[in-house]
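**Q** Sharing a structure with you now.
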Amino acid sequence: MKIAVTGANGFVGSAVLAALAARDIGALPLVRRANGLAGERVTGDLSDGALTAGDLDGVDAIIHLAARTHVTNDRAADPLAEYHRTNVEGTRRLLEAGKAAGVRRIAFMSSVKAAGERSQPGRPLTPQSPSRPEDHYGTSKLEAEKLVREYCSAHDMEWSIVRPPLVYGPGVRANLERLVKLVASGVPLPFGAIDNQRSLVEVRNLAEAAVLAAIRPEANGRLFMVSDATVSTPELIRKIAQAMGRPARLVPVAPAIFRFAGKVTGRTSMVDRLCGSLELDPSDIVDVLGWSAHISLEESLVQLVRELGYSSDAATTGRK
């Protein structure tokens with residue numbers, strides 16, 4: 001079996017290549033520009049149509065990871081058009097090349113943002129939950145999901161879709177890295193009174209989910225939510241501090257103060273991610289594909305803080 005992986009040089013892509021290798025499945029890394037990956041094929045921007053059927057010769061399935069993700073301080077003249085070009089039109093071009101090459105299945109990596117930005121207490125999002133994206137990225141991912149379903153149904157191709165929440169693990173950057181550095185600084189953090197629930201997924205656990213979505217017959221025609229941990233913001237901070245072998249310094253500040261500050265500063269979405277809940281129900285992927293998390297949040301955080309130079313002999317690990 002041979003599986004092509006778009007975005008193969010990225011954070012998730014690297015983990016997917018490792019997961020395929022562990023199963024002795026042949027991989028064809030597809031990258032925008034040369035990265036030195038074994039057997040890689042340089043495709044340029046997928047939306048430009050440079051990818052051809054010949055590039056996918058002998059490929060049985062595609063794990064489609066390449067995307068324009070959330071861009072901080074986006075300077076594009078028309079951000080929505082840029083998201084659409086990469087995430088929707090790029091996917092269309094990939095599907096067309098795959099069909100011409102006789103590819104049997106595409107496993108599409110979407111995002112929980114295609115479903116929305118929040119969940120109600122005690123009511124985690126499921127594949128059946130109404131989709132209400134709130135930003136350009138989520139909207140483009142939902143459009144791409146619809147395209148995958150419709151194109152594959154019309155051209156006798158199999159499809160599966162995976163929606164992850166925040167992805168964590170060694171190599172992660174952006175918000176989680178900043179949070180680790182804040183905890184390491186020893187500065188008291190005013191998040192002790194936040195009472196929310198945020199689902200996460202470890203990058204290697206997510207990679208395994210992507211591979212199962214690409215190879216298991218039961219995955220055909222299914223959309224899966226995937227997560228391996230659900231924690232509150234203060235609980236995550238405590239776990240990061242534990243991974244460093246030091247106490248968490250949390251101060252209780254009313255969430256209403258954060259929300260007011262968010263409105264005044266124009267950072268409402270950031271405050272929502274900090275204070276609000278976004279919980280997923282992964283029971284479908286567990287029941288249908290037998291997926292399970294092999295790496296725990298605690299173990300992964302220990303690896304992450306060590307990578308960032310904040311390790312301590314007092315840190316502990318744990319496997320599920």
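The way I read the labels, and the way they are meant: chains A, B, ... in the order of the structure tokens, residue 1 as the first residue of every chain, and ligand 1 as the first ligand shown, with later ones counted on from there.
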Report the closest atom pair, with its distance in Å rounded to one decimal, for each residue of segment 43-123 of chain A that has an atom no farther than 7 Å from segment 147-166 of chain A; count only C-alpha atoms, sort by chain and then rising residue number, and write it as a Markdown table.
**A**
```
| residue | atom | partner | partner_atom | distance |
| --- | --- | --- | --- | --- |
| A:Arg104 | CA | A:Met157 | CA | 5.5 |
| A:Arg105 | CA | A:Glu158 | CA | 4.4 |
| A:Ile106 | CA | A:Trp159 | CA | 5.0 |
| A:Ala107 | CA | A:Ser160 | CA | 4.8 |
| A:Phe108 | CA | A:Ile161 | CA | 4.8 |
| A:Met109 | CA | A:Val162 | CA | 5.1 |
| A:Ser110 | CA | A:Arg163 | CA | 4.9 |
| A:Ser111 | CA | A:Arg163 | CA | 4.3 |
| A:Val112 | CA | A:Arg163 | CA | 5.0 |
```
**Q** Would you please extract all alpha helix (DSSP H) residues from segment 111-314 of chain A, as assigned by DSSP on the backbone, and give them as a ChimeraX atom specification?
**A** /A:136-154,174-185,203-215,233-244,255-265,268-275,283-289,297-307
**Q** Restrict the selected residues to C-alpha atoms and save them as a compact mmCIF listing (two decimals), in the first residue's frame.
**A**
```txt
# COMPACT_ATOMS: atom_id res chain seq x y z
CA HIS A 136 -12.41 32.42 7.72
CA TYR A 137 -10.36 29.33 8.51
CA GLY A 138 -13.32 27.39 9.90
CA THR A 139 -15.54 28.49 7.01
CA SER A 140 -13.00 27.35 4.42
CA LYS A 141 -12.55 24.00 6.17
CA LEU A 142 -16.31 23.41 6.19
CA GLU A 143 -16.46 24.28 2.48
CA ALA A 144 -13.61 21.86 1.80
CA GLU A 145 -15.40 19.12 3.74
CA LYS A 146 -18.49 19.60 1.56
CA LEU A 147 -16.33 19.51 -1.56
CA VAL A 148 -14.68 16.24 -0.48
CA ARG A 149 -18.04 14.60 0.20
CA GLU A 150 -19.64 15.73 -3.05
CA TYR A 151 -16.67 15.15 -5.34
CA CYS A 152 -15.92 11.69 -4.01
CA SER A 153 -19.58 10.66 -4.14
CA ALA A 154 -19.81 11.82 -7.76
CA ALA A 174 2.26 29.21 18.94
CA ASN A 175 -0.13 29.42 21.90
CA LEU A 176 0.91 26.33 23.83
CA GLU A 177 4.59 27.19 23.60
CA ARG A 178 3.81 30.68 24.91
CA LEU A 179 1.84 29.18 27.79
CA VAL A 180 4.76 26.91 28.71
CA LYS A 181 7.07 29.92 28.75
CA LEU A 182 4.63 31.86 30.94
CA VAL A 183 4.48 29.02 33.46
CA ALA A 184 8.28 28.73 33.39
CA SER A 185 8.67 32.43 34.09
CA VAL A 203 0.13 15.02 17.56
CA ARG A 204 1.17 11.36 17.47
CA ASN A 205 -2.28 10.21 18.57
CA LEU A 206 -3.77 12.40 15.83
CA ALA A 207 -1.37 10.91 13.28
CA GLU A 208 -2.60 7.44 14.16
CA ALA A 209 -6.19 8.62 13.70
CA ALA A 210 -5.31 10.01 10.25
CA VAL A 211 -3.73 6.72 9.19
CA LEU A 212 -6.74 4.71 10.37
CA ALA A 213 -9.02 7.09 8.48
CA ALA A 214 -6.99 6.39 5.34
CA ILE A 215 -6.74 2.59 5.56
CA THR A 233 -7.33 26.22 31.46
CA PRO A 234 -6.08 26.15 35.09
CA GLU A 235 -5.84 22.35 34.98
CA LEU A 236 -3.65 22.55 31.87
CA ILE A 237 -1.41 25.09 33.59
CA ARG A 238 -1.08 22.81 36.62
CA LYS A 239 -0.11 19.90 34.38
CA ILE A 240 2.51 22.02 32.61
CA ALA A 241 3.92 23.08 35.98
CA GLN A 242 3.95 19.46 37.14
CA ALA A 243 5.87 18.50 34.00
CA MET A 244 8.47 21.09 35.03
CA PRO A 255 -13.63 35.56 33.94
CA ALA A 256 -15.95 38.56 33.47
CA ILE A 257 -12.90 40.81 33.82
CA PHE A 258 -11.14 38.95 31.01
CA ARG A 259 -14.22 39.22 28.80
CA PHE A 260 -14.52 42.97 29.44
CA ALA A 261 -10.83 43.44 28.67
CA GLY A 262 -11.26 41.40 25.49
CA LYS A 263 -14.03 43.68 24.25
CA VAL A 264 -12.05 46.82 25.05
CA THR A 265 -8.89 45.58 23.32
CA THR A 268 -12.66 38.76 22.19
CA SER A 269 -11.77 35.60 20.27
CA MET A 270 -8.56 35.14 22.27
CA VAL A 271 -10.47 35.53 25.54
CA ASP A 272 -13.10 33.05 24.35
CA ARG A 273 -10.37 30.46 23.78
CA LEU A 274 -8.98 31.17 27.23
CA CYS A 275 -12.26 31.17 29.16
CA SER A 283 -16.52 8.06 20.77
CA ASP A 284 -17.21 7.47 17.05
CA ILE A 285 -13.54 7.09 16.11
CA VAL A 286 -13.00 4.89 19.17
CA ASP A 287 -16.01 2.66 18.44
CA VAL A 288 -15.75 2.51 14.65
CA LEU A 289 -11.98 2.44 14.10
CA LEU A 297 -1.17 14.48 28.06
CA GLU A 298 1.17 14.24 31.04
CA GLU A 299 3.84 12.29 29.16
CA SER A 300 3.69 14.58 26.15
CA LEU A 301 3.97 17.72 28.28
CA VAL A 302 7.10 16.34 29.94
CA GLN A 303 8.62 15.79 26.50
CA LEU A 304 7.57 19.27 25.39
CA VAL A 305 9.02 21.12 28.39
CA ARG A 306 12.26 19.17 28.03
CA GLU A 307 12.42 20.16 24.38
```
**Q** If we count only C-alpha atoms and set the cut-off at 10 Å, which residues sit around Arg92 of chain A, ignoring sequence neighbours fewer than 4 positions away in its own chain? Please answer as a PyMOL selection string.
**A** chain A and resi 46-47+49+85-88+96-98+144+147-148+151
**Q** Write the residues of the preceding selection, restricted to all heavy atoms, as a CSV table (one decimal), in the first residue's frame.
**A**
```csv
chain,number,residue,atom,x,y,z
A,46,LEU,N,-0.8,23.7,-4.2
A,46,LEU,CA,-1.8,22.8,-4.8
A,46,LEU,C,-2.8,23.5,-5.6
A,46,LEU,O,-3.3,23.0,-6.6
A,46,LEU,CB,-2.5,21.9,-3.7
A,46,LEU,CG,-1.6,20.9,-3.0
A,46,LEU,CD1,-2.4,20.2,-1.9
A,46,LEU,CD2,-1.2,19.8,-4.0
A,47,SER,N,-3.2,24.7,-5.1
A,47,SER,CA,-4.2,25.5,-5.8
A,47,SER,C,-3.8,25.9,-7.2
A,47,SER,O,-4.6,26.3,-8.1
A,47,SER,CB,-4.6,26.7,-5.0
A,47,SER,OG,-3.6,27.6,-4.8
A,49,GLY,N,-2.5,24.0,-9.4
A,49,GLY,CA,-2.7,22.9,-10.4
A,49,GLY,C,-1.5,22.3,-10.9
A,49,GLY,O,-1.6,21.6,-12.0
A,85,ARG,N,-8.8,29.9,-1.6
A,85,ARG,CA,-7.9,29.4,-2.6
A,85,ARG,C,-7.1,28.2,-2.2
A,85,ARG,O,-7.0,27.2,-2.9
A,85,ARG,CB,-7.0,30.6,-3.0
A,85,ARG,CG,-6.0,30.3,-4.1
A,85,ARG,CD,-5.1,31.4,-4.5
A,85,ARG,NE,-4.2,31.7,-3.4
A,85,ARG,CZ,-3.0,31.0,-3.2
A,85,ARG,NH1,-2.7,30.1,-4.1
A,85,ARG,NH2,-2.2,31.3,-2.2
A,86,THR,N,-6.5,28.3,-1.0
A,86,THR,CA,-5.7,27.2,-0.5
A,86,THR,C,-6.5,26.0,0.0
A,86,THR,O,-6.2,24.9,-0.4
A,86,THR,CB,-4.8,27.7,0.7
A,86,THR,OG1,-4.0,28.8,0.2
A,86,THR,CG2,-3.9,26.6,1.2
A,87,ASN,N,-7.5,26.3,0.9
A,87,ASN,CA,-8.1,25.2,1.5
A,87,ASN,C,-9.2,24.5,0.7
A,87,ASN,O,-9.5,23.3,0.9
A,87,ASN,CB,-8.7,25.6,2.9
A,87,ASN,CG,-7.6,26.1,3.8
A,87,ASN,OD1,-6.4,25.8,3.6
A,87,ASN,ND2,-7.9,26.8,4.9
A,88,VAL,N,-9.9,25.3,-0.2
A,88,VAL,CA,-10.9,24.7,-1.0
A,88,VAL,C,-10.4,24.4,-2.4
A,88,VAL,O,-10.5,23.2,-2.8
A,88,VAL,CB,-12.2,25.6,-1.0
A,88,VAL,CG1,-13.3,25.0,-1.8
A,88,VAL,CG2,-12.6,26.0,0.4
A,96,GLU,N,-8.9,16.2,-8.1
A,96,GLU,CA,-8.9,15.9,-9.6
A,96,GLU,C,-7.7,15.1,-10.0
A,96,GLU,O,-7.8,14.2,-10.8
A,96,GLU,CB,-8.9,17.3,-10.3
A,96,GLU,CG,-10.3,18.0,-10.2
A,96,GLU,CD,-10.2,19.5,-10.7
A,96,GLU,OE1,-9.1,20.0,-10.9
A,96,GLU,OE2,-11.3,20.1,-10.8
A,97,ALA,N,-6.6,15.4,-9.4
A,97,ALA,CA,-5.4,14.7,-9.7
A,97,ALA,C,-5.5,13.3,-9.2
A,97,ALA,O,-5.1,12.3,-9.9
A,97,ALA,CB,-4.1,15.4,-9.1
A,98,GLY,N,-6.1,13.1,-8.0
A,98,GLY,CA,-6.3,11.8,-7.4
A,98,GLY,C,-7.2,10.9,-8.2
A,98,GLY,O,-6.9,9.7,-8.5
A,144,ALA,N,-14.4,22.9,2.3
A,144,ALA,CA,-13.6,21.9,1.8
A,144,ALA,C,-14.2,20.5,2.2
A,144,ALA,O,-14.1,19.6,1.3
A,144,ALA,CB,-12.2,22.0,2.3
A,147,LEU,N,-16.9,19.8,-0.3
A,147,LEU,CA,-16.3,19.5,-1.6
A,147,LEU,C,-15.9,18.1,-1.6
A,147,LEU,O,-16.1,17.3,-2.6
A,147,LEU,CB,-15.2,20.4,-1.9
A,147,LEU,CG,-14.3,20.1,-3.1
A,147,LEU,CD1,-15.1,20.2,-4.3
A,147,LEU,CD2,-13.1,21.0,-3.1
A,148,VAL,N,-15.2,17.6,-0.5
A,148,VAL,CA,-14.7,16.2,-0.5
A,148,VAL,C,-15.8,15.3,-0.6
A,148,VAL,O,-15.8,14.3,-1.3
A,148,VAL,CB,-13.9,16.0,0.8
A,148,VAL,CG1,-13.6,14.5,1.0
A,148,VAL,CG2,-12.5,16.8,0.7
A,151,TYR,N,-17.5,15.6,-4.2
A,151,TYR,CA,-16.7,15.2,-5.3
A,151,TYR,C,-16.5,13.6,-5.3
A,151,TYR,O,-16.6,13.0,-6.3
A,151,TYR,CB,-15.3,15.9,-5.3
A,151,TYR,CG,-14.5,15.6,-6.5
A,151,TYR,CD1,-14.5,16.5,-7.5
A,151,TYR,CD2,-13.7,14.5,-6.6
A,151,TYR,CE1,-13.7,16.3,-8.7
A,151,TYR,CE2,-12.9,14.2,-7.7
A,151,TYR,CZ,-12.9,15.2,-8.8
A,151,TYR,OH,-12.2,14.9,-9.9
```
**Q** For a quick check of understanding, using only C-alpha atoms, which of A:Asp45, A:Arg249, A:Gln128, A:Pro29 has the smallest distance to Glu89 of chain A?
**A**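 Among the listed residues, the smallest separation from Glu89 of chain A belongs to A:Asp45.
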**Q** Using backbone DSSP assignments, extract all strand (DSSP E or B) residues from segment 96-275 of chain A; output them as a PDB file with N, CA, C and O atoms, in the first residue's frame.
**A**
```pdb
ATOM      1  N   ARG A 105      -8.960   6.533  -2.050  1.00  0.00           N
ATOM      2  CA  ARG A 105      -9.552   7.252  -0.906  1.00  0.00           C
ATOM      3  C   ARG A 105      -8.750   8.490  -0.560  1.00  0.00           C
ATOM      4  O   ARG A 105      -7.532   8.516  -0.714  1.00  0.00           O
ATOM      5  N   ILE A 106      -9.462   9.493  -0.062  1.00  0.00           N
ATOM      6  CA  ILE A 106      -8.822  10.660   0.531  1.00  0.00           C
ATOM      7  C   ILE A 106      -9.283  10.781   1.977  1.00  0.00           C
ATOM      8  O   ILE A 106     -10.479  10.697   2.277  1.00  0.00           O
ATOM      9  N   ALA A 107      -8.315  10.901   2.879  1.00  0.00           N
ATOM     10  CA  ALA A 107      -8.597  11.179   4.294  1.00  0.00           C
ATOM     11  C   ALA A 107      -8.268  12.643   4.514  1.00  0.00           C
ATOM     12  O   ALA A 107      -7.101  13.044   4.422  1.00  0.00           O
ATOM     13  N   PHE A 108      -9.289  13.444   4.773  1.00  0.00           N
ATOM     14  CA  PHE A 108      -9.133  14.894   4.839  1.00  0.00           C
ATOM     15  C   PHE A 108      -9.019  15.360   6.291  1.00  0.00           C
ATOM     16  O   PHE A 108      -9.899  15.081   7.111  1.00  0.00           O
ATOM     17  N   MET A 109      -7.937  16.059   6.599  1.00  0.00           N
ATOM     18  CA  MET A 109      -7.757  16.623   7.931  1.00  0.00           C
ATOM     19  C   MET A 109      -8.425  17.984   7.977  1.00  0.00           C
ATOM     20  O   MET A 109      -7.914  18.956   7.438  1.00  0.00           O
ATOM     21  N   GLN A 120     -21.500  23.700  24.735  1.00  0.00           N
ATOM     22  CA  GLN A 120     -22.237  23.975  25.949  1.00  0.00           C
ATOM     23  C   GLN A 120     -21.816  23.006  27.052  1.00  0.00           C
ATOM     24  O   GLN A 120     -21.400  21.874  26.762  1.00  0.00           O
ATOM     25  N   ARG A 123     -22.207  19.115  27.003  1.00  0.00           N
ATOM     26  CA  ARG A 123     -22.681  18.738  25.673  1.00  0.00           C
ATOM     27  C   ARG A 123     -21.547  18.872  24.661  1.00  0.00           C
ATOM     28  O   ARG A 123     -21.486  19.826  23.891  1.00  0.00           O
ATOM     29  N   LEU A 125     -19.178  18.470  21.389  1.00  0.00           N
ATOM     30  CA  LEU A 125     -19.515  18.419  19.971  1.00  0.00           C
ATOM     31  C   LEU A 125     -19.314  17.008  19.433  1.00  0.00           C
ATOM     32  O   LEU A 125     -18.346  16.320  19.766  1.00  0.00           O
ATOM     33  N   GLU A 158     -13.597   6.992  -2.266  1.00  0.00           N
ATOM     34  CA  GLU A 158     -13.914   6.915  -0.843  1.00  0.00           C
ATOM     35  C   GLU A 158     -13.370   8.146  -0.133  1.00  0.00           C
ATOM     36  O   GLU A 158     -12.383   8.741  -0.574  1.00  0.00           O
ATOM     37  N   TRP A 159     -14.012   8.519   0.969  1.00  0.00           N
ATOM     38  CA  TRP A 159     -13.555   9.679   1.719  1.00  0.00           C
ATOM     39  C   TRP A 159     -13.752   9.452   3.212  1.00  0.00           C
ATOM     40  O   TRP A 159     -14.594   8.657   3.652  1.00  0.00           O
ATOM     41  N   SER A 160     -12.954  10.162   3.984  1.00  0.00           N
ATOM     42  CA  SER A 160     -13.140  10.232   5.437  1.00  0.00           C
ATOM     43  C   SER A 160     -12.636  11.602   5.875  1.00  0.00           C
ATOM     44  O   SER A 160     -11.790  12.205   5.219  1.00  0.00           O
ATOM     45  N   ILE A 161     -13.187  12.087   6.982  1.00  0.00           N
ATOM     46  CA  ILE A 161     -12.840  13.421   7.485  1.00  0.00           C
ATOM     47  C   ILE A 161     -12.540  13.317   8.972  1.00  0.00           C
ATOM     48  O   ILE A 161     -13.271  12.657   9.719  1.00  0.00           O
ATOM     49  N   VAL A 162     -11.473  13.974   9.394  1.00  0.00           N
ATOM     50  CA  VAL A 162     -11.090  14.016  10.804  1.00  0.00           C
ATOM     51  C   VAL A 162     -11.072  15.470  11.254  1.00  0.00           C
ATOM     52  O   VAL A 162     -10.455  16.316  10.605  1.00  0.00           O
ATOM     53  N   ARG A 163     -11.746  15.748  12.364  1.00  0.00           N
ATOM     54  CA  ARG A 163     -11.767  17.101  12.932  1.00  0.00           C
ATOM     55  C   ARG A 163     -11.040  17.100  14.278  1.00  0.00           C
ATOM     56  O   ARG A 163     -11.583  16.655  15.285  1.00  0.00           O
ATOM     57  N   LEU A 166      -7.268  21.650  19.354  1.00  0.00           N
ATOM     58  CA  LEU A 166      -5.884  22.095  19.513  1.00  0.00           C
ATOM     59  C   LEU A 166      -4.955  20.882  19.556  1.00  0.00           C
ATOM     60  O   LEU A 166      -5.184  19.944  20.310  1.00  0.00           O
ATOM     61  N   VAL A 167      -3.911  20.912  18.728  1.00  0.00           N
ATOM     62  CA  VAL A 167      -2.954  19.808  18.674  1.00  0.00           C
ATOM     63  C   VAL A 167      -1.730  20.190  19.502  1.00  0.00           C
ATOM     64  O   VAL A 167      -1.190  21.282  19.365  1.00  0.00           O
ATOM     65  N   TYR A 168      -1.297  19.287  20.371  1.00  0.00           N
ATOM     66  CA  TYR A 168      -0.151  19.550  21.224  1.00  0.00           C
ATOM     67  C   TYR A 168       0.887  18.446  21.045  1.00  0.00           C
ATOM     68  O   TYR A 168       0.631  17.425  20.392  1.00  0.00           O
ATOM     69  N   LEU A 189      -0.180  33.708  37.414  1.00  0.00           N
ATOM     70  CA  LEU A 189      -1.092  33.766  36.274  1.00  0.00           C
ATOM     71  C   LEU A 189      -2.535  33.903  36.764  1.00  0.00           C
ATOM     72  O   LEU A 189      -2.974  33.122  37.625  1.00  0.00           O
ATOM     73  N   ARG A 198     -11.691  22.323  27.632  1.00  0.00           N
ATOM     74  CA  ARG A 198     -11.122  22.409  26.293  1.00  0.00           C
ATOM     75  C   ARG A 198     -10.515  21.049  25.923  1.00  0.00           C
ATOM     76  O   ARG A 198      -9.690  20.508  26.653  1.00  0.00           O
ATOM     77  N   SER A 199     -10.935  20.517  24.798  1.00  0.00           N
ATOM     78  CA  SER A 199     -10.380  19.251  24.317  1.00  0.00           C
ATOM     79  C   SER A 199      -9.089  19.500  23.543  1.00  0.00           C
ATOM     80  O   SER A 199      -8.936  20.521  22.873  1.00  0.00           O
ATOM     81  N   LEU A 200      -8.176  18.535  23.635  1.00  0.00           N
ATOM     82  CA  LEU A 200      -6.875  18.590  22.979  1.00  0.00           C
ATOM     83  C   LEU A 200      -6.601  17.235  22.335  1.00  0.00           C
ATOM     84  O   LEU A 200      -7.247  16.241  22.660  1.00  0.00           O
ATOM     85  N   VAL A 201      -5.614  17.194  21.454  1.00  0.00           N
ATOM     86  CA  VAL A 201      -5.169  15.901  20.935  1.00  0.00           C
ATOM     87  C   VAL A 201      -3.664  15.957  20.702  1.00  0.00           C
ATOM     88  O   VAL A 201      -3.131  16.939  20.168  1.00  0.00           O
ATOM     89  N   GLU A 202      -2.964  14.909  21.135  1.00  0.00           N
ATOM     90  CA  GLU A 202      -1.517  14.813  20.969  1.00  0.00           C
ATOM     91  C   GLU A 202      -1.194  14.499  19.513  1.00  0.00           C
ATOM     92  O   GLU A 202      -1.899  13.726  18.862  1.00  0.00           O
ATOM     93  N   ARG A 222     -17.263   8.588   6.594  1.00  0.00           N
ATOM     94  CA  ARG A 222     -17.469   8.983   7.987  1.00  0.00           C
ATOM     95  C   ARG A 222     -16.697  10.248   8.327  1.00  0.00           C
ATOM     96  O   ARG A 222     -15.608  10.497   7.824  1.00  0.00           O
ATOM     97  N   LEU A 223     -17.273  11.030   9.220  1.00  0.00           N
ATOM     98  CA  LEU A 223     -16.609  12.189   9.819  1.00  0.00           C
ATOM     99  C   LEU A 223     -16.359  11.868  11.278  1.00  0.00           C
ATOM    100  O   LEU A 223     -17.261  11.406  11.986  1.00  0.00           O
ATOM    101  N   PHE A 224     -15.129  12.119  11.742  1.00  0.00           N
ATOM    102  CA  PHE A 224     -14.755  11.777  13.108  1.00  0.00           C
ATOM    103  C   PHE A 224     -14.238  12.994  13.867  1.00  0.00           C
ATOM    104  O   PHE A 224     -13.428  13.765  13.346  1.00  0.00           O
ATOM    105  N   MET A 225     -14.722  13.164  15.080  1.00  0.00           N
ATOM    106  CA  MET A 225     -14.077  14.057  16.042  1.00  0.00           C
ATOM    107  C   MET A 225     -12.973  13.257  16.728  1.00  0.00           C
ATOM    108  O   MET A 225     -13.141  12.059  16.994  1.00  0.00           O
ATOM    109  N   ALA A 229      -7.741  14.319  25.440  1.00  0.00           N
ATOM    110  CA  ALA A 229      -7.758  14.925  26.776  1.00  0.00           C
ATOM    111  C   ALA A 229      -8.702  16.113  26.755  1.00  0.00           C
ATOM    112  O   ALA A 229      -8.811  16.815  25.749  1.00  0.00           O
ATOM    113  N   THR A 230      -9.389  16.319  27.864  1.00  0.00           N
ATOM    114  CA  THR A 230     -10.242  17.492  28.026  1.00  0.00           C
ATOM    115  C   THR A 230      -9.936  18.087  29.397  1.00  0.00           C
ATOM    116  O   THR A 230     -10.095  17.405  30.417  1.00  0.00           O
ATOM    117  N   VAL A 231      -9.462  19.322  29.413  1.00  0.00           N
ATOM    118  CA  VAL A 231      -9.022  19.955  30.655  1.00  0.00           C
ATOM    119  C   VAL A 231      -9.493  21.404  30.689  1.00  0.00           C
ATOM    120  O   VAL A 231      -9.775  22.012  29.654  1.00  0.00           O
ATOM    121  N   LEU A 250      -1.227  30.178  40.322  1.00  0.00           N
ATOM    122  CA  LEU A 250      -2.503  30.626  39.770  1.00  0.00           C
ATOM    123  C   LEU A 250      -3.199  31.571  40.734  1.00  0.00           C
ATOM    124  O   LEU A 250      -3.287  31.298  41.940  1.00  0.00           O
TER     125      LEU A 250
END
```
**Q** Would you please work out which residue, of A:Gly290, A:Gly169, A:Asp281, A:Asn35, is nearest to Pro127 of chain A when using only C-alpha atoms?
**A**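 The shortest atom-to-atom distance to Pro127 of chain A comes from A:Asp281.
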**Q** Record the distance separating atom CA of Ser296 of chain A and atom CA of Ala66 of chain A, expressed in Å with one decimal.
**A**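 Here the two named atoms are 25.9 Å from each other.
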**Q** Could you tell me which of A:Leu95, A:Ala115, A:Leu278, A:Val187 comes closest to Ala61 of chain A if we count only C-alpha atoms?
**A**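 Of A:Leu95, A:Ala115, A:Leu278, A:Val187, the one nearest Ala61 of chain A is A:Leu95, counting only C-alpha atoms.
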**Q** Could you make a table, as a Markdown table, of the residues of segment 45-68 of chain A that have an atom within 6 Å of an atom of segment 3-25 of chain A, each with its nearest atom pair and distance in Å to one decimal, counting only C-alpha atoms, in chain and number order?
**A**
```
| residue | atom | partner | partner_atom | distance |
| --- | --- | --- | --- | --- |
| A:Val59 | CA | A:Ile3 | CA | 5.7 |
| A:Asp60 | CA | A:Ile3 | CA | 5.9 |
| A:Ala61 | CA | A:Ile3 | CA | 4.9 |
| A:Ile62 | CA | A:Ala4 | CA | 4.7 |
| A:Ile63 | CA | A:Val5 | CA | 4.9 |
| A:His64 | CA | A:Thr6 | CA | 5.1 |
| A:Leu65 | CA | A:Gly7 | CA | 5.3 |
| A:Ala66 | CA | A:Gly7 | CA | 4.2 |
```
**Q** Using atom CA of Thr52 of chain A and atom CA of Gly102 of chain A as the two end points, give the distance in Å to one decimal.
**A** 11.8 Å
**Q** Just to confirm, what's the straight-line distance from atom CA of Asp55 of chain A to atom CA of His84 of chain A in Å (one decimal)?
**A** 23.6 Å
